[in-house]
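Student: Here you go, one structure.
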Amino acid sequence: MQIARVVGTVVATQKHSAFDGAKLLLVQLLALDDTPRGPALLAVDALGAGVHEKVLIVMEGRAAGQALGRTMAPVDAAIVGIVDTVDLEA
Amino acid sequence: MQIARVVGTVVATQKHSAFDGAKLLLVQLLALDDTPRGPALLAVDALGAGVHEKVLIVMEGRAAGQALGRTMAPVDAAIVGIVDTVDLEA
Amino acid sequence: MQIARVVGTVVATQKHSAFDGAKLLLVQLLALDDTPRGPALLAVDALGAGVHEKVLIVMEGRAAGQALGRTMAPVDAAIVGIVDTVDLEA
Amino acid sequence: MQIARVVGTVVATQKHSAFDGAKLLLVQLLALDDTPRGPALLAVDALGAGVHEKVLIVMEGRAAGQALGRTMAPVDAAIVGIVDTVDLEA
Amino acid sequence: MQIARVVGTVVATQKHSAFDGAKLLLVQLLALDDTPRGPALLAVDALGAGVHEKVLIVMEGRAAGQALGRTMAPVDAAIVGIVDTVDLEA
């Protein structure tokens with residue numbers, strides 16, 4: 001799993017029916033010092049995460065489908081947690 | 001999922017039978033400012049996307065097969081949505 | 001599998017129910033000379049690994065779910081071993 | 001899927017029995033201008049592709065196994081098409 | 001599949017039970033000119049490969065589990081062949 005921040009939303013009227021009712025959020029992966037790393041990507045959200053929240057992302061199709069509760073959905077990334085704290089022990 | 005633009009098409013007469021009738025589009029992944037990032041790749045299209053359209057790509061075999069409605073197809077990327085708007089909240 | 005060091009923990013009160021009771025550890029992948037490589041990531045732990053321990057990480061959803069003993073869990077990385085020694089033959 | 005060129009062959013007498021009779025080709029991924037990109041890799045071939053041919057590669061285990069017609073085979077890349085033309089619309 | 005050289009071994013007394021009796025080898029991916037590329041990683045070995053041997057690696061969980069003959073094992077890389085020759089046709 002990776003830590004990311006929700007940075008936006010995407011609207012796609014025409015989409016695979018498995019996405020009906022699913023929220024698509026634009027997320028930015030973060031380094032440990034909370035700076036962005038890599039490109040932004042889209043994740044389905046089954047937890048009600050909001051923009052600016054720090055979240056846990058699972059990036060794999062089987063896992064993302066499980067997160068959405070739709071094992072046959074064509075998804076490859078999902079929000080599976082909302083981060084309270086990260087404790088880094090140097 | 002990733003945001004990409006359809007940039008071309010590929011013709012392959014000799015191919016795995018699971019691709020019969022499936023459209024193969026050449027897509028270019030985009031950064032949030034719509035500049036290209038990474039190499040172009042091929043995705044199967046089950047939505048009727050056209051060249052120049054901005055689309056949602058799922059990049060994983062299980063998910064791509066689901067998108068095509070052929071769970072046993074040897075595919076690893078598929079178009080699953082056509083993007084209307086991307087709202088980035090800074 | 002990859003070699004990593006446990007460098008911290010993450011608390012996420014609101015998360016997918018499949019994570020209930022699972023420990024989420026922050027791990028840093030290591031090069032052969034034990035220097036960090038790449039970003040830190042989160043792995044579920046089914047072995048009771050502690051901070052600072054060197055561990056084996058499996059990075060794939062199906063495999064990580066197996067490691068957790070919950071094949072339907074939306075996870076993509078897991079700790080599957082605690083490293084005693086690495087013998088590199090030049 | 002990715003576009004690649006077949007650049008060689010590999011002989012491995014001692015191998016997993018699922019590879020018996022399967023052809024292992026060395027392929028080089030290509031950029032849109034046909035220059036090489038990334039390292040060469042090995043793909044199983046179920047289409048009879050020849051050296052120097054431009055091919056479609058699927059890079060994922062489930063999909064590659066489907067391409068070979070052996071869903072339980074331990075493979076992660078397969079040739080699934082032979083490219084006739086690539087039409088890039090600028 | 002990728003070409004790699006076996007460069008060492010790893011001992012992990014405390015590990016997931018699916019690894020009992022499985023050999024864990026440290027492998028270094030190779031470029032076509034046999035120079036190392038990328039970080040070393042760990043692969044399960046079901047073929048009896050030795051240190052210094054050039055091997056074929058499959059890097060994907062489903063495939064690696066098949067290679068080990070334990071489809072439920074939490075593994076993501078396996079040795080599936082021992083390379084005799086690589087013929088690169090320029």
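Numbering starts fresh at 1 for the residues of each chain in the structure tokens, the chains themselves are lettered A, B, ... in the order given, and ligands are numbered from 1 as they appear.
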Within chain A, find each residue whose DSSP state, derived from the backbone, is strand (DSSP E or B), and express the selection as a ChimeraX atom specification.
Tutor: /A:2-11,14-15,23-30,36-45,54-58,78-82,85-88
Student: Dump as a tab-separated table the rows for residues of region 6-70 of chain E within 12 Å of region 49-63 of chain A: closest atom pair and distance in Å with one decimal, only C-alpha atoms counted, ordered by chain and rising residue number.
Tutor:
residue	atom	partner	partner_atom	distance
E:Glu60	CA	A:Glu60	CA	11.9
E:Gly61	CA	A:Glu60	CA	11.7
E:Arg62	CA	A:Arg62	CA	11.6
Student: Applying 6 Å and only C-alpha atoms, which residues near Val27 (chain D) remain after dropping the ones on its own chain fewer than 6 positions away? List them as a PDB file with N, CA and C atoms, in the first residue's frame.
Tutor:
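Okay, around_23.pdb is ready:
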ATOM      1  N   ARG D   5      10.030  -5.643 -30.876  1.00  0.00           N
ATOM      2  CA  ARG D   5      10.594  -6.360 -32.015  1.00  0.00           C
ATOM      3  C   ARG D   5      11.277  -7.621 -31.492  1.00  0.00           C
ATOM      4  N   VAL D   6      11.103  -8.726 -32.217  1.00  0.00           N
ATOM      5  CA  VAL D   6      11.784  -9.966 -31.835  1.00  0.00           C
ATOM      6  C   VAL D   6      13.251  -9.819 -32.215  1.00  0.00           C
ATOM      7  N   VAL D   7      14.148 -10.005 -31.247  1.00  0.00           N
ATOM      8  CA  VAL D   7      15.578  -9.784 -31.511  1.00  0.00           C
ATOM      9  C   VAL D   7      16.435 -11.023 -31.271  1.00  0.00           C
ATOM     10  N   ALA D  40      15.704  -5.683 -22.888  1.00  0.00           N
ATOM     11  CA  ALA D  40      15.060  -6.772 -23.618  1.00  0.00           C
ATOM     12  C   ALA D  40      14.455  -7.730 -22.597  1.00  0.00           C
ATOM     13  N   LEU D  41      13.432  -8.451 -22.998  1.00  0.00           N
ATOM     14  CA  LEU D  41      12.829  -9.437 -22.096  1.00  0.00           C
ATOM     15  C   LEU D  41      12.418 -10.657 -22.904  1.00  0.00           C
TER      16      LEU D  41
END
Student: Need the shell around Ile3 (chain D): protein/DNA/RNA residues with any atom at most 12 Å away, counting only C-alpha atoms. Skip same-chain ones fewer than 6 positions apart. Format as number ranges by chain?
Tutor: B: 10-12, 24-26, 39-43; D: 27-37, 53-59, 78-86
Student: If you run DSSP on the backbone, which residues of chain A are helix (DSSP H, G or I), as a list in words?
Tutor: Ser17, Ala18, Phe19, Gly61, Arg62, Ala63, Ala64, Gly65, Gln66, Ala67 and Leu68 of chain A
Student: At a cut-off of 8 Å, using only C-alpha atoms, what residues contact Leu68 (chain A)? Leave out same-chain residues fewer than 5 positions from it and give the result as an mmCIF file with N, CA, C and O atoms, in the first residue's frame.
Tutor:
data_model
loop_
_atom_site.group_PDB
_atom_site.id
_atom_site.type_symbol
_atom_site.label_atom_id
_atom_site.label_comp_id
_atom_site.auth_asym_id
_atom_site.auth_seq_id
_atom_site.Cartn_x
_atom_site.Cartn_y
_atom_site.Cartn_z
ATOM 1 N N VAL A 44 -10.546 4.394 -7.118
ATOM 2 C CA VAL A 44 -11.939 4.337 -6.698
ATOM 3 C C VAL A 44 -11.973 4.457 -5.185
ATOM 4 O O VAL A 44 -11.062 4.036 -4.486
ATOM 5 N N ASP A 45 -13.033 5.066 -4.688
ATOM 6 C CA ASP A 45 -13.125 5.338 -3.255
ATOM 7 C C ASP A 45 -14.358 4.668 -2.679
ATOM 8 O O ASP A 45 -15.478 4.946 -3.094
ATOM 9 N N ALA A 46 -14.138 3.797 -1.711
ATOM 10 C CA ALA A 46 -15.272 3.144 -1.062
ATOM 11 C C ALA A 46 -15.392 3.597 0.386
ATOM 12 O O ALA A 46 -16.188 3.061 1.134
ATOM 13 N N ALA A 78 -7.384 1.611 -5.550
ATOM 14 C CA ALA A 78 -8.510 1.949 -4.681
ATOM 15 C C ALA A 78 -8.001 2.531 -3.378
ATOM 16 O O ALA A 78 -6.893 2.231 -2.939
#
